[in-house]
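Shown next, in structure tokens, is the structure this report addresses.
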Amino acid sequence: MDGTDIMTWLGDNLPQTILLIGGLLAVLIAVTYVKDKDSWKYKGLMFLGFLFGVFMAIEAASYYGTWAMVTSVFVAVAAFTLIIRPFREVHFAVIIALFVMVLVYIWLGGVTTVSDFDVSFLSENPVRIIVAFILGAVVYGLLNFAEALVKGVGKILNWWPLLLVLGLICIAEAAFMFMGYGSITDYISTGA
């Protein structure tokens with residue numbers, strides 16, 4: 001097999017290959033977590049899972065509509081699960097809100113008119129600080145809500161028994177596709 005044959009094979013078998021690798025990573029992450037969640041092996045697998053999860057998400061978006069819907073859903077759920085795992089304890093809302101506060105504070109320093117209205121009072125230091133703080137608080141509130149939703153779903157999907165089952169389902173889906181059954185649902189619906 002030369003490089004062209006490998007690329008052709010990967011192109012023909014991309015969804016099942018992605019599912020197989022993603023499923024194996026999910027199973028390995030779950031097993032390693034149970035054995036020793038503080039080990040470098042677990043952290044390395046989480047990092048690999050994150051990188052591969054990003055790849056899975058990009059491929060799922062790129063091939064939307066060309067893969068079977070069930071396959072696309074499995075790839076998307078596995079990608080989300082692998083991507084969110086390392087970030088379960090990071091509070092992005094605070095980081096982004098602080099960034100917004102700094103940007104608003106800087107921007108207001110040069111504002112004098114908006115649509116022919118004199119708003120130069122916004123560039124004065126106490127007002128700039130208050131406006132930047134208020135906008136940062138609003139952004140924080142919205143992002144904190146969104147973050148809580150994403151993390152809630154992520155915690156459920158990353159509960160190690162569910163992660164293990166999800167990995168096994170991805171591996172089974174890939175195996176059925178490699179055997180020519182199309183999908184687990186295709187196999188079940190034909191009664192085979």
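Simple scheme: letters A, B, ... for chains in structure tokens order, numbers from 1 for residues in each chain, numbers from 1 for ligands in the order shown.
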Could you give me, as a PyMOL selection string, each residue of segment 2-178 of chain A that DSSP assigns to alpha helix (DSSP H) when run on this structure's backbone?
-> chain A and resi 3-12+14-36+40-62+69-84+92-108+125-157+160-178
Could you give me, as a list in words, the residues within 12 Å of Ala148 of chain A, counting only C-alpha atoms and dropping anything in the same chain fewer than 5 positions from it?
->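 The residues that qualify are Arg88, Glu89, Val90, His91, Phe92, Ala93, Tyr140, Gly141, Leu142, Leu143, Val153, Gly154 and Lys155 of chain A.
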Take the residues from that selection and write them out as a PDB file, in the first residue's frame, keeping N, CA and C atoms.
```pdb
ATOM      1  N   ARG A  88     -13.383  21.108  32.474  1.00  0.00           N
ATOM      2  CA  ARG A  88     -14.531  21.026  33.378  1.00  0.00           C
ATOM      3  C   ARG A  88     -14.432  21.980  34.557  1.00  0.00           C
ATOM      4  N   GLU A  89     -13.230  22.319  34.969  1.00  0.00           N
ATOM      5  CA  GLU A  89     -13.055  23.170  36.151  1.00  0.00           C
ATOM      6  C   GLU A  89     -12.574  24.589  35.821  1.00  0.00           C
ATOM      7  N   VAL A  90     -12.437  24.910  34.547  1.00  0.00           N
ATOM      8  CA  VAL A  90     -11.978  26.242  34.138  1.00  0.00           C
ATOM      9  C   VAL A  90     -13.181  27.165  34.020  1.00  0.00           C
ATOM     10  N   HIS A  91     -13.073  28.364  34.585  1.00  0.00           N
ATOM     11  CA  HIS A  91     -14.171  29.332  34.541  1.00  0.00           C
ATOM     12  C   HIS A  91     -13.884  30.374  33.458  1.00  0.00           C
ATOM     13  N   PHE A  92     -14.337  30.065  32.244  1.00  0.00           N
ATOM     14  CA  PHE A  92     -14.103  30.948  31.107  1.00  0.00           C
ATOM     15  C   PHE A  92     -14.860  32.260  31.242  1.00  0.00           C
ATOM     16  N   ALA A  93     -16.007  32.238  31.908  1.00  0.00           N
ATOM     17  CA  ALA A  93     -16.823  33.444  32.027  1.00  0.00           C
ATOM     18  C   ALA A  93     -16.037  34.572  32.696  1.00  0.00           C
ATOM     19  N   TYR A 140     -20.330  38.625  32.008  1.00  0.00           N
ATOM     20  CA  TYR A 140     -20.092  37.528  32.945  1.00  0.00           C
ATOM     21  C   TYR A 140     -21.383  36.767  33.240  1.00  0.00           C
ATOM     22  N   GLY A 141     -22.464  37.475  33.499  1.00  0.00           N
ATOM     23  CA  GLY A 141     -23.731  36.815  33.806  1.00  0.00           C
ATOM     24  C   GLY A 141     -24.210  35.938  32.666  1.00  0.00           C
ATOM     25  N   LEU A 142     -24.144  36.454  31.449  1.00  0.00           N
ATOM     26  CA  LEU A 142     -24.579  35.670  30.284  1.00  0.00           C
ATOM     27  C   LEU A 142     -23.670  34.461  30.055  1.00  0.00           C
ATOM     28  N   LEU A 143     -22.372  34.703  30.114  1.00  0.00           N
ATOM     29  CA  LEU A 143     -21.433  33.599  29.885  1.00  0.00           C
ATOM     30  C   LEU A 143     -21.444  32.580  31.014  1.00  0.00           C
ATOM     31  N   VAL A 153     -23.914  19.514  31.008  1.00  0.00           N
ATOM     32  CA  VAL A 153     -23.981  18.431  30.020  1.00  0.00           C
ATOM     33  C   VAL A 153     -22.643  17.706  29.963  1.00  0.00           C
ATOM     34  N   GLY A 154     -21.551  18.475  30.014  1.00  0.00           N
ATOM     35  CA  GLY A 154     -20.220  17.862  29.989  1.00  0.00           C
ATOM     36  C   GLY A 154     -19.957  16.955  31.173  1.00  0.00           C
ATOM     37  N   LYS A 155     -20.425  17.359  32.364  1.00  0.00           N
ATOM     38  CA  LYS A 155     -20.229  16.503  33.553  1.00  0.00           C
ATOM     39  C   LYS A 155     -21.004  15.195  33.421  1.00  0.00           C
TER      40      LYS A 155
END
```
Shell of 12 Å around Ile156 of chain A, only C-alpha atoms, local chain residues under 5 positions omitted, as an MDAnalysis selection string = chainID A and resid 77 80:81 84:85 88 149:151 161:163 166
Restrict the calculation to only C-alpha atoms, then for each residue of segment 123-176 of chain A with any atom at most 6 Å from an atom of segment 23-47 of chain A give the closest atom pair and their distance in Å to one decimal, rows by chain and rising residue number, as a Markdown table.
```
| residue | atom | partner | partner_atom | distance |
| --- | --- | --- | --- | --- |
| A:Trp160 | CA | A:Ala30 | CA | 5.1 |
| A:Leu164 | CA | A:Val27 | CA | 4.9 |
| A:Gly167 | CA | A:Gly23 | CA | 3.8 |
| A:Cys170 | CA | A:Gly23 | CA | 4.9 |
| A:Ile171 | CA | A:Gly23 | CA | 5.2 |
```
Since we have the selection now, will you write its residues out, keeping C-alpha atoms, as a CSV table (one decimal), in the first residue's frame?
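Output saved as again-v6.csv:
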```csv
chain,number,residue,atom,x,y,z
A,160,TRP,CA,-16.6,7.8,33.8
A,164,LEU,CA,-16.9,4.2,29.0
A,167,GLY,CA,-16.6,4.9,23.9
A,170,CYS,CA,-18.5,4.5,19.2
A,171,ILE,CA,-16.3,1.4,18.8
```
Do you know which residues are at most 8 Å from segment 100-102 of chain A counting only C-alpha atoms, after dropping those on the same chain fewer than 2 positions away, and could you put them as a list in words?
-> Ile96, Ala97, Leu98, Val104, Tyr105, Ile106, Ala132, Phe133, Leu135, Gly136 and Val139 of chain A
List every residue of segment 25-134 of chain A that has an atom at most 10 Å from any atom of segment 179-186 of chain A, and for each one report the closest atom pair and its distance in Å to one decimal, counting only C-alpha atoms, with rows sorted by chain and then by increasing residue number, as a tab-separated table.
```
residue	atom	partner	partner_atom	distance
A:Ala68	CA	A:Ser183	CA	8.0
A:Met69	CA	A:Ser183	CA	9.8
A:Val70	CA	A:Ser183	CA	7.4
A:Thr71	CA	A:Ser183	CA	7.1
```
Kindly export the residues of the current selection with C-alpha atoms, as a tab-separated table (two decimals), in the first residue's frame.
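Writing the result to result-v3.tsv gives the following:
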```tsv
chain	number	residue	atom	x	y	z
A	68	ALA	CA	-25.60	8.99	8.17
A	69	MET	CA	-27.37	11.09	10.81
A	70	VAL	CA	-26.72	8.52	13.55
A	71	THR	CA	-23.01	8.49	12.72
```
Write out as a list in words the residues lying within 10 Å of Glu59 of chain A, counting only C-alpha atoms and excluding same-chain residues fewer than 3 positions away.
->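 Everything that qualifies: Leu14, Pro15, Ile18, Gly53, Val54, Phe55, Met56, Ser62, Tyr63, Tyr64, Ser72, Val75, Ala76 and Ala79 of chain A.
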Just the strand (DSSP E) stuff from segment 82-148 of chain A, please, per backbone DSSP, written as a VMD selection string.
-> chain A and resid 113 to 114 117 to 118
Mind pulling up the distance from atom CA of Leu82 of chain A to atom CA of Phe52 of chain A?
->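 Taking atom CA of Phe52 of chain A as the start and atom CA of Leu82 of chain A as the end point, the length is 7.7 Å.
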